[in-house]
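Participant: Sending over work28.cif (mmCIF, C-alpha atoms and all ligand atoms).
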data_upload
#
loop_
_atom_site.label_atom_id
_atom_site.label_comp_id
_atom_site.auth_asym_id
_atom_site.auth_seq_id
_atom_site.Cartn_x
_atom_site.Cartn_y
_atom_site.Cartn_z
CA MET A 221 5.32 12.63 34.26
CA TRP A 222 2.64 10.75 36.22
CA GLU A 223 3.09 13.10 39.21
CA GLU A 224 2.37 16.05 36.92
CA LEU A 225 -0.50 14.16 35.35
CA LYS A 226 -2.22 13.50 38.67
CA ASP A 227 -3.09 17.19 39.01
CA ILE A 228 -4.46 17.28 35.48
CA SER A 229 -6.21 13.98 36.10
CA SER A 230 -7.89 15.25 39.28
CA ILE A 231 -9.22 18.25 37.37
CA HIS A 232 -10.51 16.09 34.53
CA GLN A 233 -11.31 12.84 36.35
CA ASP A 234 -15.08 13.17 35.90
CA ARG A 235 -14.88 14.26 32.28
CA LYS A 236 -15.80 12.07 29.31
CA THR A 237 -15.88 12.91 25.63
CA SER A 238 -19.34 13.01 24.05
CA LEU A 239 -18.73 10.64 21.13
CA THR A 240 -16.88 7.74 22.80
CA GLY A 241 -16.94 8.55 26.54
CA PHE A 242 -13.11 8.63 26.52
CA THR A 243 -11.67 9.66 29.89
CA ILE A 244 -8.23 11.00 30.73
CA SER A 245 -7.42 7.58 32.17
CA ASP A 246 -8.23 6.10 28.74
CA VAL A 247 -5.88 8.65 27.14
CA VAL A 248 -2.90 7.70 29.31
CA ARG A 249 -3.60 3.96 29.70
CA SER A 250 -1.03 2.86 27.10
CA GLY A 251 1.77 4.84 28.74
CA VAL A 252 0.81 3.63 32.21
CA GLU A 253 0.59 -0.04 31.18
CA VAL A 254 3.63 -0.01 28.87
CA PRO A 255 6.46 1.85 30.65
CA SER A 256 8.69 1.66 27.55
CA SER A 257 6.34 4.13 25.82
CA SER A 258 8.06 7.25 24.47
CA VAL A 259 4.82 9.23 24.29
CA GLY A 260 2.23 7.04 26.03
CA VAL A 261 -1.01 8.80 25.08
CA TYR A 262 -3.66 8.25 22.41
CA ALA A 263 -6.82 10.18 21.54
CA GLY A 264 -10.07 8.19 21.41
CA ASP A 265 -11.79 10.86 19.30
CA GLU A 266 -11.42 14.44 18.03
CA GLU A 267 -12.74 15.98 21.26
CA CYS A 268 -9.90 14.49 23.34
CA TYR A 269 -7.46 17.09 21.99
CA LEU A 270 -9.74 19.89 23.23
CA LEU A 271 -11.08 18.39 26.45
CA TYR A 272 -7.62 17.25 27.64
CA ARG A 273 -5.64 20.06 26.07
CA PRO A 274 -3.45 20.69 29.19
CA LEU A 275 -2.25 17.11 28.88
CA PHE A 276 -1.75 16.97 25.12
CA GLU A 277 -0.22 20.37 24.33
CA PRO A 278 3.09 19.97 26.22
CA ILE A 279 3.52 16.54 24.59
CA ILE A 280 2.72 17.99 21.14
CA LYS A 281 5.17 20.89 21.54
CA GLU A 282 7.98 18.64 22.78
CA TYR A 283 7.60 15.94 20.13
CA HIS A 284 7.27 18.29 17.15
CA GLY A 285 9.95 20.67 18.46
CA ILE A 286 7.68 23.74 18.49
CA ASP A 287 7.27 26.48 21.10
CA GLU A 288 3.74 27.43 20.10
CA ILE A 289 0.77 25.51 18.67
CA PRO A 290 0.53 26.77 15.06
CA SER A 291 -2.30 27.32 12.63
CA HIS A 292 -1.85 24.31 10.36
CA VAL A 293 -1.05 24.96 6.69
CA SER A 294 -0.92 22.11 4.14
CA ASN A 295 1.01 22.06 0.86
CA LEU A 296 0.39 18.97 -1.24
CA ASP A 297 1.86 20.39 -4.46
CA PRO A 298 4.89 18.34 -5.64
CA HIS A 299 5.87 21.20 -7.99
CA CYS A 300 6.89 23.22 -4.92
CA LEU A 301 9.82 20.87 -4.21
CA THR A 302 13.04 22.78 -4.93
CA SER A 303 15.54 19.88 -5.12
CA MET A 304 15.84 16.09 -5.39
CA ILE A 305 17.95 13.47 -3.64
CA GLU A 306 21.39 13.26 -5.31
CA ASN A 307 21.81 10.38 -7.70
CA GLU A 308 24.71 8.87 -5.76
CA ALA A 309 22.63 8.41 -2.61
CA PRO A 310 22.25 4.62 -2.03
CA ILE A 311 18.49 4.68 -1.62
CA ILE A 312 16.90 1.24 -1.59
CA SER A 313 13.32 2.47 -1.42
CA THR A 314 11.24 5.54 -0.77
CA ARG A 315 7.92 5.76 1.10
CA CYS A 316 5.65 8.62 2.07
CA ARG A 317 2.57 8.11 4.24
CA VAL A 318 -0.06 10.16 6.03
CA ALA A 319 -2.30 9.27 8.97
CA ARG A 320 -5.95 10.25 8.60
CA ASN A 321 -9.20 9.69 10.52
CA LEU A 322 -12.79 10.18 9.45
CA SER A 323 -14.53 13.12 11.10
CA GLY A 324 -17.58 12.17 13.18
CA TYR A 325 -16.35 8.69 14.13
CA GLY A 326 -14.46 7.51 17.19
CA PHE A 327 -10.75 7.02 16.56
CA PRO A 328 -9.46 3.42 16.82
CA ALA A 329 -8.82 3.65 20.58
CA GLY A 330 -12.39 4.72 21.29
CA ILE A 331 -14.54 3.43 18.44
CA SER A 332 -17.17 0.69 18.92
CA GLY A 333 -17.02 -2.57 16.95
CA GLU A 334 -20.14 -1.62 15.02
CA LYS A 335 -18.83 1.82 14.05
CA ARG A 336 -15.43 0.36 13.09
CA LEU A 337 -17.21 -1.82 10.51
CA GLU A 338 -19.07 1.29 9.30
CA VAL A 339 -15.77 3.11 8.84
CA GLU A 340 -14.42 0.12 6.89
CA SER A 341 -17.48 0.23 4.63
CA VAL A 342 -17.14 3.98 3.99
CA LEU A 343 -13.43 3.58 3.23
CA VAL A 344 -13.90 0.63 0.87
CA THR A 345 -16.53 2.59 -1.10
CA ALA A 346 -14.09 5.49 -1.45
CA LEU A 347 -11.15 3.24 -2.34
CA GLU A 348 -13.16 1.47 -5.03
CA ALA A 349 -13.62 4.88 -6.72
CA LEU A 350 -9.87 5.24 -7.27
CA GLU A 351 -8.79 5.18 -10.92
CA GLY A 352 -5.66 4.92 -13.04
CA ASP A 353 -2.43 4.09 -11.19
CA LEU A 354 -4.31 4.45 -7.86
CA SER A 355 -6.88 1.75 -8.65
CA GLY A 356 -6.58 -1.55 -6.79
CA HIS A 357 -8.30 -4.00 -4.48
CA TYR A 358 -9.23 -4.11 -0.79
CA TYR A 359 -8.16 -7.20 1.18
CA PRO A 360 -9.92 -7.72 4.55
CA TYR A 361 -7.24 -8.70 7.05
CA ASP A 362 -9.08 -11.80 8.28
CA LEU A 363 -9.22 -13.17 4.70
CA LEU A 364 -5.44 -13.00 4.21
CA THR A 365 -3.58 -16.29 4.76
CA SER A 366 -0.65 -16.40 7.21
CA SER A 367 1.80 -16.64 4.33
CA GLU A 368 0.19 -13.69 2.53
CA LYS A 369 0.43 -11.62 5.72
CA GLU A 370 4.07 -12.64 6.26
CA GLU A 371 4.99 -11.78 2.67
CA LEU A 372 3.27 -8.39 2.86
CA VAL A 373 4.81 -7.54 6.26
CA MET A 374 8.32 -8.57 5.23
CA GLY A 375 7.92 -6.56 2.03
CA GLY A 376 7.18 -3.46 4.12
CA TYR A 377 3.63 -3.25 2.78
CA LEU A 378 1.47 -4.32 5.74
CA PHE A 379 1.19 -3.42 9.42
CA ARG A 380 2.27 -5.91 12.07
CA GLU A 381 -0.08 -7.51 14.57
CA ASN A 382 0.22 -7.51 18.38
CA ASP A 383 1.50 -3.96 18.88
CA LYS A 384 1.67 -3.77 22.68
CA TYR A 385 1.16 -0.01 22.75
CA GLN A 386 -1.94 -0.21 20.58
CA ALA A 387 -3.26 -3.16 22.61
CA ALA A 388 -2.91 -1.21 25.87
CA ALA A 389 -4.60 1.80 24.29
CA GLY A 390 -7.62 -0.27 23.18
CA ILE A 391 -6.79 0.20 19.49
CA SER A 392 -6.61 -3.57 18.92
CA ARG A 393 -10.05 -4.39 20.35
CA ASP A 394 -12.10 -6.89 18.23
CA TRP A 395 -8.94 -7.65 16.18
CA PRO A 396 -8.98 -8.34 13.23
CA GLU A 397 -12.60 -7.25 12.55
CA GLY A 398 -12.81 -4.21 10.22
CA ARG A 399 -9.08 -4.15 9.49
CA GLY A 400 -7.57 -4.55 6.05
CA ILE A 401 -5.28 -3.28 3.34
CA PHE A 402 -5.88 -1.79 -0.10
CA TYR A 403 -3.20 -1.76 -2.74
CA ASN A 404 -2.71 -1.28 -6.47
CA LYS A 405 -1.18 -3.92 -8.74
CA ASP A 406 2.37 -2.58 -8.27
CA LYS A 407 2.01 -2.10 -4.49
CA THR A 408 3.10 1.51 -4.97
CA PHE A 409 -0.14 2.92 -3.58
CA LEU A 410 -1.57 1.33 -0.45
CA VAL A 411 -4.08 2.17 2.29
CA TRP A 412 -4.14 0.56 5.73
CA VAL A 413 -7.69 0.44 7.15
CA ASN A 414 -8.48 0.68 10.89
CA GLU A 415 -5.01 0.04 12.30
CA GLU A 416 -3.60 2.84 14.48
CA ASP A 417 -5.69 5.34 12.52
CA HIS A 418 -8.75 4.88 10.31
CA LEU A 419 -6.43 5.34 7.32
CA ARG A 420 -2.74 5.23 6.59
CA ILE A 421 -2.44 6.43 2.97
CA ILE A 422 0.89 5.21 1.58
CA SER A 423 2.90 5.78 -1.59
CA MET A 424 6.15 3.85 -1.99
CA GLN A 425 8.55 2.45 -4.54
CA LYS A 426 11.87 0.68 -4.74
CA GLY A 427 14.86 2.88 -5.39
CA ILE A 428 18.13 1.87 -6.93
CA SER A 429 20.29 -1.23 -6.23
CA ALA A 430 21.52 -1.51 -2.68
CA ASN A 431 24.95 -2.80 -3.66
CA ARG A 432 26.63 0.52 -2.88
CA ASN A 433 27.08 2.22 0.43
CA ILE A 434 26.61 5.78 1.49
CA PHE A 435 30.20 6.79 0.74
CA SER A 436 30.95 4.98 -2.49
CA LEU A 437 31.57 7.59 -5.15
CA SER A 438 31.69 5.08 -7.96
CA ILE A 439 28.34 5.54 -9.61
CA GLN A 440 27.62 2.12 -11.05
CA SER A 441 24.32 3.08 -12.55
CA LYS A 442 22.10 6.06 -13.07
CA THR A 443 20.25 6.22 -9.80
CA GLY A 444 17.87 8.47 -7.95
CA ALA A 445 15.11 7.96 -5.47
CA ASP A 446 12.16 9.43 -7.34
CA VAL A 447 10.81 11.28 -4.31
CA LYS A 448 8.71 13.58 -6.48
CA ALA A 449 6.89 10.65 -8.10
CA VAL A 450 6.22 9.05 -4.70
CA PHE A 451 4.93 12.34 -3.27
CA ASP A 452 2.85 13.10 -6.38
CA ARG A 453 1.13 9.72 -6.15
CA LEU A 454 0.44 10.24 -2.44
CA CYS A 455 -1.03 13.73 -2.98
CA ARG A 456 -3.33 12.50 -5.74
CA GLY A 457 -4.46 9.67 -3.51
CA ILE A 458 -5.16 11.93 -0.52
CA ASN A 459 -7.16 14.41 -2.60
CA THR A 460 -9.14 11.70 -4.43
CA ILE A 461 -10.05 9.82 -1.25
CA ASN A 462 -11.14 13.00 0.53
CA LYS A 463 -13.37 13.96 -2.43
CA ALA A 464 -14.88 10.46 -2.37
CA PHE A 465 -15.73 10.85 1.33
CA LEU A 466 -17.47 14.14 0.63
CA THR A 467 -19.41 12.62 -2.30
CA HIS A 468 -20.39 9.22 -0.93
CA ALA A 469 -20.40 9.64 2.84
CA GLN A 470 -20.86 13.36 3.48
CA THR A 471 -17.81 13.28 5.73
CA GLU A 472 -14.14 14.23 5.44
CA PHE A 473 -10.83 13.92 7.26
CA ALA A 474 -10.93 14.95 10.93
CA PHE A 475 -9.18 18.34 11.02
CA HIS A 476 -8.51 21.16 13.51
CA LYS A 477 -7.28 24.61 12.51
CA HIS A 478 -4.35 24.40 14.93
CA TYR A 479 -3.63 20.68 15.25
CA GLY A 480 -4.13 19.93 11.55
CA TYR A 481 -5.25 16.45 10.56
CA LEU A 482 -6.22 14.71 13.80
CA SER A 483 -4.55 11.36 14.57
CA SER A 484 -4.74 8.72 17.30
CA CYS A 485 -1.22 9.53 18.47
CA PRO A 486 -0.18 13.19 18.91
CA THR A 487 3.08 12.43 17.08
CA ASN A 488 1.05 12.16 13.87
CA LEU A 489 -0.88 15.43 14.07
CA GLY A 490 -0.59 18.27 11.54
CA THR A 491 0.42 16.77 8.19
CA GLY A 492 0.35 13.24 9.62
CA MET A 493 3.19 12.67 7.16
CA ARG A 494 6.27 10.52 7.50
CA ALA A 495 8.51 10.56 4.43
CA SER A 496 11.16 7.86 4.68
CA VAL A 497 13.99 6.42 2.66
CA HIS A 498 15.67 3.08 3.27
CA ILE A 499 19.36 3.91 2.88
CA SER A 500 22.38 1.61 2.91
CA VAL A 501 25.00 2.70 5.45
CA PRO A 502 28.41 0.97 5.83
CA GLY A 503 29.60 -0.56 9.11
CA SER A 504 32.15 2.24 9.59
CA PHE A 505 29.30 4.64 10.33
CA ASN A 506 27.95 3.39 13.66
CA ASP A 507 24.44 3.70 15.02
CA VAL A 508 25.25 6.51 17.44
CA GLN A 509 27.05 8.60 14.80
CA LEU A 510 24.17 8.16 12.37
CA LYS A 511 21.48 8.98 14.93
CA ASN A 512 23.37 12.06 16.22
CA THR A 513 23.98 13.34 12.70
CA CYS A 514 20.34 12.74 11.72
CA ARG A 515 19.09 14.51 14.84
CA GLN A 516 21.12 17.57 13.78
CA LEU A 517 19.44 17.31 10.37
CA SER A 518 15.95 17.12 12.02
CA LEU A 519 15.70 13.51 10.86
CA ASP A 520 14.51 10.37 12.67
CA VAL A 521 16.21 6.98 12.30
CA ARG A 522 14.36 3.67 12.50
CA GLY A 523 15.29 0.10 11.65
CA ARG A 524 14.56 -1.53 8.33
CA HIS A 525 11.35 -3.20 9.45
CA GLY A 526 9.58 -0.27 11.06
CA GLU A 527 9.27 1.72 14.21
CA ALA A 528 10.42 -0.77 16.80
CA SER A 529 12.99 -2.57 14.63
CA GLU A 530 16.78 -2.40 14.36
CA ALA A 531 18.88 -1.79 11.28
CA GLU A 532 19.40 -4.92 9.16
CA GLY A 533 22.36 -5.37 6.84
CA GLY A 534 23.38 -1.75 7.32
CA VAL A 535 19.99 -0.52 6.04
CA TYR A 536 18.31 2.25 8.02
CA ASP A 537 14.95 4.00 7.72
CA VAL A 538 15.58 7.77 7.70
CA SER A 539 12.61 10.15 7.80
CA ASN A 540 11.25 13.47 9.06
CA ARG A 541 10.46 13.50 12.79
CA GLN A 542 8.31 16.64 12.85
CA ARG A 543 4.77 16.39 11.41
CA LEU A 544 3.04 19.49 12.83
CA GLY A 545 4.04 23.13 12.31
CA ARG A 546 5.39 22.84 8.75
CA THR A 547 3.82 21.88 5.41
CA GLU A 548 4.17 18.50 3.73
CA VAL A 549 6.44 20.02 1.06
CA ASP A 550 8.69 21.63 3.70
CA LEU A 551 9.00 18.37 5.65
CA LEU A 552 9.78 16.39 2.51
CA GLN A 553 12.37 19.00 1.51
CA THR A 554 13.97 18.51 4.95
CA VAL A 555 14.35 14.79 4.18
CA ILE A 556 15.76 15.47 0.70
CA ASP A 557 18.24 18.09 1.93
CA GLY A 558 19.12 15.95 4.97
CA ILE A 559 19.95 12.88 2.87
CA ASN A 560 22.03 15.04 0.48
CA SER A 561 23.97 16.31 3.50
CA LEU A 562 24.31 12.83 4.98
CA ILE A 563 25.97 11.39 1.86
CA THR A 564 28.73 13.99 2.08
CA TYR A 565 29.48 12.95 5.70
CA LYS A 566 32.89 11.32 6.20
CA THR A 567 33.42 9.06 9.22
P1 LIG B 601 4.81 4.15 9.79
O1 LIG B 601 5.78 4.57 8.75
O2 LIG B 601 3.49 3.82 9.17
O3 LIG B 601 4.77 5.06 10.95
P2 LIG B 601 6.64 1.96 10.44
O4 LIG B 601 7.82 2.82 10.65
O5 LIG B 601 6.39 0.84 11.41
O6 LIG B 601 5.25 2.75 10.43
O7 LIG B 601 6.76 1.35 8.96
C1 LIG B 601 5.70 0.54 8.50
C2 LIG B 601 6.22 -0.42 7.44
O8 LIG B 601 6.68 0.35 6.31
C3 LIG B 601 7.43 -1.23 7.92
O9 LIG B 601 7.31 -2.56 7.43
C4 LIG B 601 8.60 -0.58 7.25
O10 LIG B 601 9.62 -1.52 6.95
C5 LIG B 601 7.99 -0.05 5.96
N1 LIG B 601 8.71 1.12 5.45
C6 LIG B 601 8.82 2.33 6.04
N2 LIG B 601 9.57 3.15 5.27
C7 LIG B 601 9.93 2.44 4.16
C8 LIG B 601 10.72 2.74 3.01
N3 LIG B 601 11.27 3.94 2.80
N4 LIG B 601 10.87 1.77 2.08
C9 LIG B 601 10.31 0.54 2.25
N5 LIG B 601 9.55 0.19 3.33
C10 LIG B 601 9.38 1.14 4.27
N1 LIG B 602 4.73 3.46 20.89
C1 LIG B 602 4.00 4.65 21.34
C2 LIG B 602 3.73 5.64 20.21
C3 LIG B 602 4.90 6.44 19.77
C4 LIG B 602 4.72 7.08 18.38
N2 LIG B 602 4.49 6.03 17.36
C5 LIG B 602 3.26 5.74 16.91
N3 LIG B 602 2.24 6.51 17.17
N4 LIG B 602 3.09 4.64 16.19
C6 LIG B 602 4.83 5.29 22.47
O1 LIG B 602 4.27 6.09 23.24
O2 LIG B 602 6.01 4.97 22.55
#
Could you show the structure in this file as structure tokens?
Facilitator:
Amino acid sequence: MWEELKDISSIHQDRKTSLTGFTISDVVRSGVEVPSSSVGVYAGDEECYLLYRPLFEPIIKEYHGIDEIPSHVSNLDPHCLTSMIENEAPIISTRCRVARNLSGYGFPAGISGEKRLEVESVLVTALEALEGDLSGHYYPYDLLTSSEKEELVMGGYLFRENDKYQAAAGISRDWPEGRGIFYNKDKTFLVWVNEEDHLRIISMQKGISANRNIFSLSIQSKTGADVKAVFDRLCRGINTINKAFLTHAQTEFAFHKHYGYLSSCPTNLGTGMRASVHISVPGSFNDVQLKNTCRQLSLDVRGRHGEASEAEGGVYDVSNRQRLGRTEVDLLQTVIDGINSLITYKT
């Protein structure tokens, strides 16, 4: 990869983006400094995707499994879902999140400390305008106690500190200034502020009891991961926050007609959406079998505690891998249909 990059780098070595002065070396720094990177590049601002297009586009096509860069189309209408996850699926919890950045500001890898605090202020104003089941409070990260952080992280609600990829990319500069989390009283609607992206807008809720595995046909209780309710809450949150930006800050989500909603990492372009279920899988279904089957179903498998974690107690995080080239409804339908296929699988 680096050999191929050197040619691109020599062409672009004197280039800098206008807003943050991000160079191609800045873009690839994380991948160069952390060899375990699977992607290794981050954008410091919107212009990176255009100025360093020869670098980004092959990565984008490969990750999202597309041959051509599309014109992005969004569908945030839960009524367009055509099916639900079967009741017998042992879903412990359901989560749907999108990555978003504010247009006109450097992304976390390139933003200045002063502008990061300005982004936090704009976001908090918008979040305070949320009403009904979306209303909640903003908690600046540096005001959370260690035990509060631990409880929120272990509950799956809060980002982890010391991400080596983000540190190498410059995303963690001035940590924890300007970072924080917003959530409603039930912790079913949450917003991460100034972590990997300016916003991670999250809707999540516990599913049914986990005391059944993926193959048990004895339905001990009426079940069902209410994916539609989780998605509906997310869509209302996205739309409300974007309207608040337009009203209070005369800005909106960073967007490109082909790349969709622009994110720090190219894996989160397009919809920026990862829809995941935590599902209980018995020991007889080993890691390799599960990951191979999920790959065939266009699904990604993570551990119970997030991207870099392993399964715990037979619980896996299964979600859509693709984020660009299909709508939010289509990607969510892929997860629903994939889980319904998975629960019919016999080892
Ligand atoms: P992201 O989803 O934002 O890309 P991660 O995969 O690291 O990042 O997940 C972030 C946090 O969300 C982790 O603590 C993870 O355990 C939690 N999480 C993800 N999906 C679910 C889910 N379906 N139910 C409960 N918690 C979840
Ligand atoms: N760890 C980085 C990013 C991969 C995608 N995950 C994100 N963006 N959180 C890597 O290059 O492996």
Participant: Residues contacting ligand LIG 602 (chain B) - anything with an atom at most 10 Å away, using only C-alpha atoms and all ligand atoms - can you give me those as an mmCIF file with C-alpha atoms, keeping the file's coordinate frame?
Facilitator:
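File result_37.cif, as written:
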data_model
loop_
_atom_site.group_PDB
_atom_site.id
_atom_site.type_symbol
_atom_site.label_atom_id
_atom_site.label_comp_id
_atom_site.auth_asym_id
_atom_site.auth_seq_id
_atom_site.Cartn_x
_atom_site.Cartn_y
_atom_site.Cartn_z
ATOM 1 C CA VAL A 248 -2.900 7.700 29.310
ATOM 2 C CA SER A 250 -1.030 2.860 27.100
ATOM 3 C CA GLY A 251 1.770 4.840 28.740
ATOM 4 C CA VAL A 252 0.810 3.630 32.210
ATOM 5 C CA VAL A 254 3.630 -0.010 28.870
ATOM 6 C CA PRO A 255 6.460 1.850 30.650
ATOM 7 C CA SER A 256 8.690 1.660 27.550
ATOM 8 C CA SER A 257 6.340 4.130 25.820
ATOM 9 C CA SER A 258 8.060 7.250 24.470
ATOM 10 C CA VAL A 259 4.820 9.230 24.290
ATOM 11 C CA GLY A 260 2.230 7.040 26.030
ATOM 12 C CA VAL A 261 -1.010 8.800 25.080
ATOM 13 C CA TYR A 262 -3.660 8.250 22.410
ATOM 14 C CA TYR A 283 7.600 15.940 20.130
ATOM 15 C CA ALA A 319 -2.300 9.270 8.970
ATOM 16 C CA ASP A 383 1.500 -3.960 18.880
ATOM 17 C CA LYS A 384 1.670 -3.770 22.680
ATOM 18 C CA TYR A 385 1.160 -0.010 22.750
ATOM 19 C CA GLN A 386 -1.940 -0.210 20.580
ATOM 20 C CA ALA A 389 -4.600 1.800 24.290
ATOM 21 C CA GLU A 416 -3.600 2.840 14.480
ATOM 22 C CA ASP A 417 -5.690 5.340 12.520
ATOM 23 C CA SER A 483 -4.550 11.360 14.570
ATOM 24 C CA SER A 484 -4.740 8.720 17.300
ATOM 25 C CA CYS A 485 -1.220 9.530 18.470
ATOM 26 C CA PRO A 486 -0.180 13.190 18.910
ATOM 27 C CA THR A 487 3.080 12.430 17.080
ATOM 28 C CA ASN A 488 1.050 12.160 13.870
ATOM 29 C CA LEU A 489 -0.880 15.430 14.070
ATOM 30 C CA GLY A 526 9.580 -0.270 11.060
ATOM 31 C CA GLU A 527 9.270 1.720 14.210
ATOM 32 C CA ALA A 528 10.420 -0.770 16.800
#
Participant: Please identify all protein, DNA and RNA residues within 7 Å of ligand LIG 601 (chain B), counting all atoms listed in the file, and report them as a ChimeraX atom specification.
Facilitator: /A:313-315,317,373-379,420,424,426,494,496-498,522,524-528,537
Participant: With distances taken over all atoms listed in the file, which residue among A:Val508, A:Lys463, A:Asp297, A:Glu253 lies nearest Ala449 (chain A)?
Facilitator: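 Answer, going by the shortest atom-to-atom distance: A:Asp297.
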Participant: Which of these residues is nearest to Ile280 (chain A), using only C-alpha atoms: A:Arg543, A:Arg453, A:Arg399, A:Lys369?
Facilitator: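 Selected residue with least distance to Ile280 (chain A): A:Arg543.
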Participant: Given the choices A:Ala464, A:Leu322, A:Leu419, A:Ile311, which gets closest to Leu562 (chain A) if the distance is worked out from only C-alpha atoms?
Facilitator: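 So, comparing all the options, the nearest one is A:Ile311.
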Participant: How close does each residue of region 497-541 of chain A get to region 547-553 of chain A, giving the shortest atom pair and distance in Å to one decimal for every residue with an atom at most 10 Å away, counting only C-alpha atoms, sorted by chain and residue number, as JSON lines?
Facilitator:
{"residue": "A:Ser518", "atom": "CA", "partner": "A:Leu551", "partner_atom": "CA", "distance": 9.5}
{"residue": "A:Leu519", "atom": "CA", "partner": "A:Leu551", "partner_atom": "CA", "distance": 9.8}
{"residue": "A:Ser539", "atom": "CA", "partner": "A:Leu552", "partner_atom": "CA", "distance": 8.7}
{"residue": "A:Asn540", "atom": "CA", "partner": "A:Leu551", "partner_atom": "CA", "distance": 6.4}
{"residue": "A:Arg541", "atom": "CA", "partner": "A:Leu551", "partner_atom": "CA", "distance": 8.8}
Participant: Store the residues picked out above in a file with C-alpha atoms, as a compact mmCIF listing (two decimals), keeping the file's coordinate frame.
Facilitator:
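The resulting file, selection.txt, is shown below:
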# COMPACT_ATOMS: atom_id res chain seq x y z
CA SER A 518 15.95 17.12 12.02
CA LEU A 519 15.70 13.51 10.86
CA SER A 539 12.61 10.15 7.80
CA ASN A 540 11.25 13.47 9.06
CA ARG A 541 10.46 13.50 12.79
Participant: Quick one: everything within 10 Å of region 344-353 of chain A, counting only C-alpha atoms, minus sequence neighbours fewer than 5 positions away in the same chain. Send it as an NGL selection string.
Facilitator: :A and (338-339 or 358-360 or 400-406 or 408-411 or 413 or 453 or 456-457 or 460-469)
Participant: Just checking: using only C-alpha atoms, which residue out of A:Tyr565, A:Gly241, A:Ser423, A:Asn321 ends up closest to Cys455 (chain A)?
Facilitator: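 Once distances to Cys455 (chain A) are computed over only C-alpha atoms, the minimum belongs to A:Ser423.
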Participant: Edge lengths and centre in Å to one decimal, as JSON, is what I'm after for the box along x, y and z that holds all listed atoms of region 389-404 of chain A once 5 Å is added on each side.
Facilitator:
{"center_x": -7.8, "center_y": -3.3, "center_z": 8.9, "size_x": 20.1, "size_y": 20.1, "size_z": 40.8}
Participant: Between CA of Asp362 (chain A) and CA of Pro396 (chain A), what is the distance, to one decimal in Å?
Facilitator: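 Between CA of Asp362 (chain A) and CA of Pro396 (chain A) the gap works out to 6.0 Å.
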Participant: Could you tell me how far CA of Ile499 (chain A) lies from CA of Gly427 (chain A), in Å and to one decimal?
Facilitator: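 Pair CA of Ile499 (chain A) / CA of Gly427 (chain A) returns 9.5 Å.
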Participant: Of the candidates A:Ile391, A:Leu354, A:Leu510, A:Ile556, which shows the shortest atom-to-atom distance to Lys407 (chain A), using all atoms listed in the file?
Facilitator: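 Result for the nearest residue to Lys407 (chain A): A:Leu354.
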Participant: Can you work out which one of A:Asp520, A:Asp452, A:Phe505, A:Ile286 has the shortest atom-to-atom distance to His299 (chain A), counting all atoms listed in the file?
Facilitator: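 Result for the nearest residue to His299 (chain A): A:Asp452.
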Participant: Region 525-533 of chain A from the block above, N, CA, C and O atoms, as a PDB file, in the first residue's frame, please?
Facilitator:
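Output below, filename decode-v9.pdb:
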ATOM      1  N   HIS A 525     -18.127  -5.522  23.310  1.00  0.00           N
ATOM      2  CA  HIS A 525     -17.787  -4.185  23.841  1.00  0.00           C
ATOM      3  C   HIS A 525     -17.187  -3.264  22.780  1.00  0.00           C
ATOM      4  O   HIS A 525     -16.367  -2.408  23.075  1.00  0.00           O
ATOM      5  N   GLY A 526     -17.605  -3.482  21.516  1.00  0.00           N
ATOM      6  CA  GLY A 526     -17.209  -2.508  20.506  1.00  0.00           C
ATOM      7  C   GLY A 526     -16.172  -3.013  19.533  1.00  0.00           C
ATOM      8  O   GLY A 526     -15.768  -4.178  19.550  1.00  0.00           O
ATOM      9  N   GLU A 527     -15.721  -2.133  18.724  1.00  0.00           N
ATOM     10  CA  GLU A 527     -14.978  -2.433  17.503  1.00  0.00           C
ATOM     11  C   GLU A 527     -13.785  -3.348  17.741  1.00  0.00           C
ATOM     12  O   GLU A 527     -13.554  -4.289  17.020  1.00  0.00           O
ATOM     13  N   ALA A 528     -13.022  -3.073  18.767  1.00  0.00           N
ATOM     14  CA  ALA A 528     -11.768  -3.837  18.901  1.00  0.00           C
ATOM     15  C   ALA A 528     -11.922  -4.965  19.917  1.00  0.00           C
ATOM     16  O   ALA A 528     -10.956  -5.579  20.335  1.00  0.00           O
ATOM     17  N   SER A 529     -13.161  -5.261  20.324  1.00  0.00           N
ATOM     18  CA  SER A 529     -13.344  -6.242  21.400  1.00  0.00           C
ATOM     19  C   SER A 529     -13.690  -7.627  20.859  1.00  0.00           C
ATOM     20  O   SER A 529     -14.034  -7.790  19.693  1.00  0.00           O
ATOM     21  N   GLU A 530     -13.604  -8.617  21.736  1.00  0.00           N
ATOM     22  CA  GLU A 530     -13.972  -9.995  21.395  1.00  0.00           C
ATOM     23  C   GLU A 530     -15.359 -10.308  21.943  1.00  0.00           C
ATOM     24  O   GLU A 530     -15.873  -9.609  22.815  1.00  0.00           O
ATOM     25  N   ALA A 531     -15.915 -11.409  21.461  1.00  0.00           N
ATOM     26  CA  ALA A 531     -17.228 -11.825  21.984  1.00  0.00           C
ATOM     27  C   ALA A 531     -17.073 -12.133  23.474  1.00  0.00           C
ATOM     28  O   ALA A 531     -15.998 -12.527  23.936  1.00  0.00           O
ATOM     29  N   GLU A 532     -18.143 -11.936  24.224  1.00  0.00           N
ATOM     30  CA  GLU A 532     -18.105 -12.218  25.672  1.00  0.00           C
ATOM     31  C   GLU A 532     -19.361 -12.995  26.017  1.00  0.00           C
ATOM     32  O   GLU A 532     -20.470 -12.564  25.683  1.00  0.00           O
ATOM     33  N   GLY A 533     -19.186 -14.168  26.594  1.00  0.00           N
ATOM     34  CA  GLY A 533     -20.341 -14.979  26.981  1.00  0.00           C
ATOM     35  C   GLY A 533     -21.199 -15.380  25.793  1.00  0.00           C
ATOM     36  O   GLY A 533     -22.425 -15.491  25.901  1.00  0.00           O
TER      37      GLY A 533
END
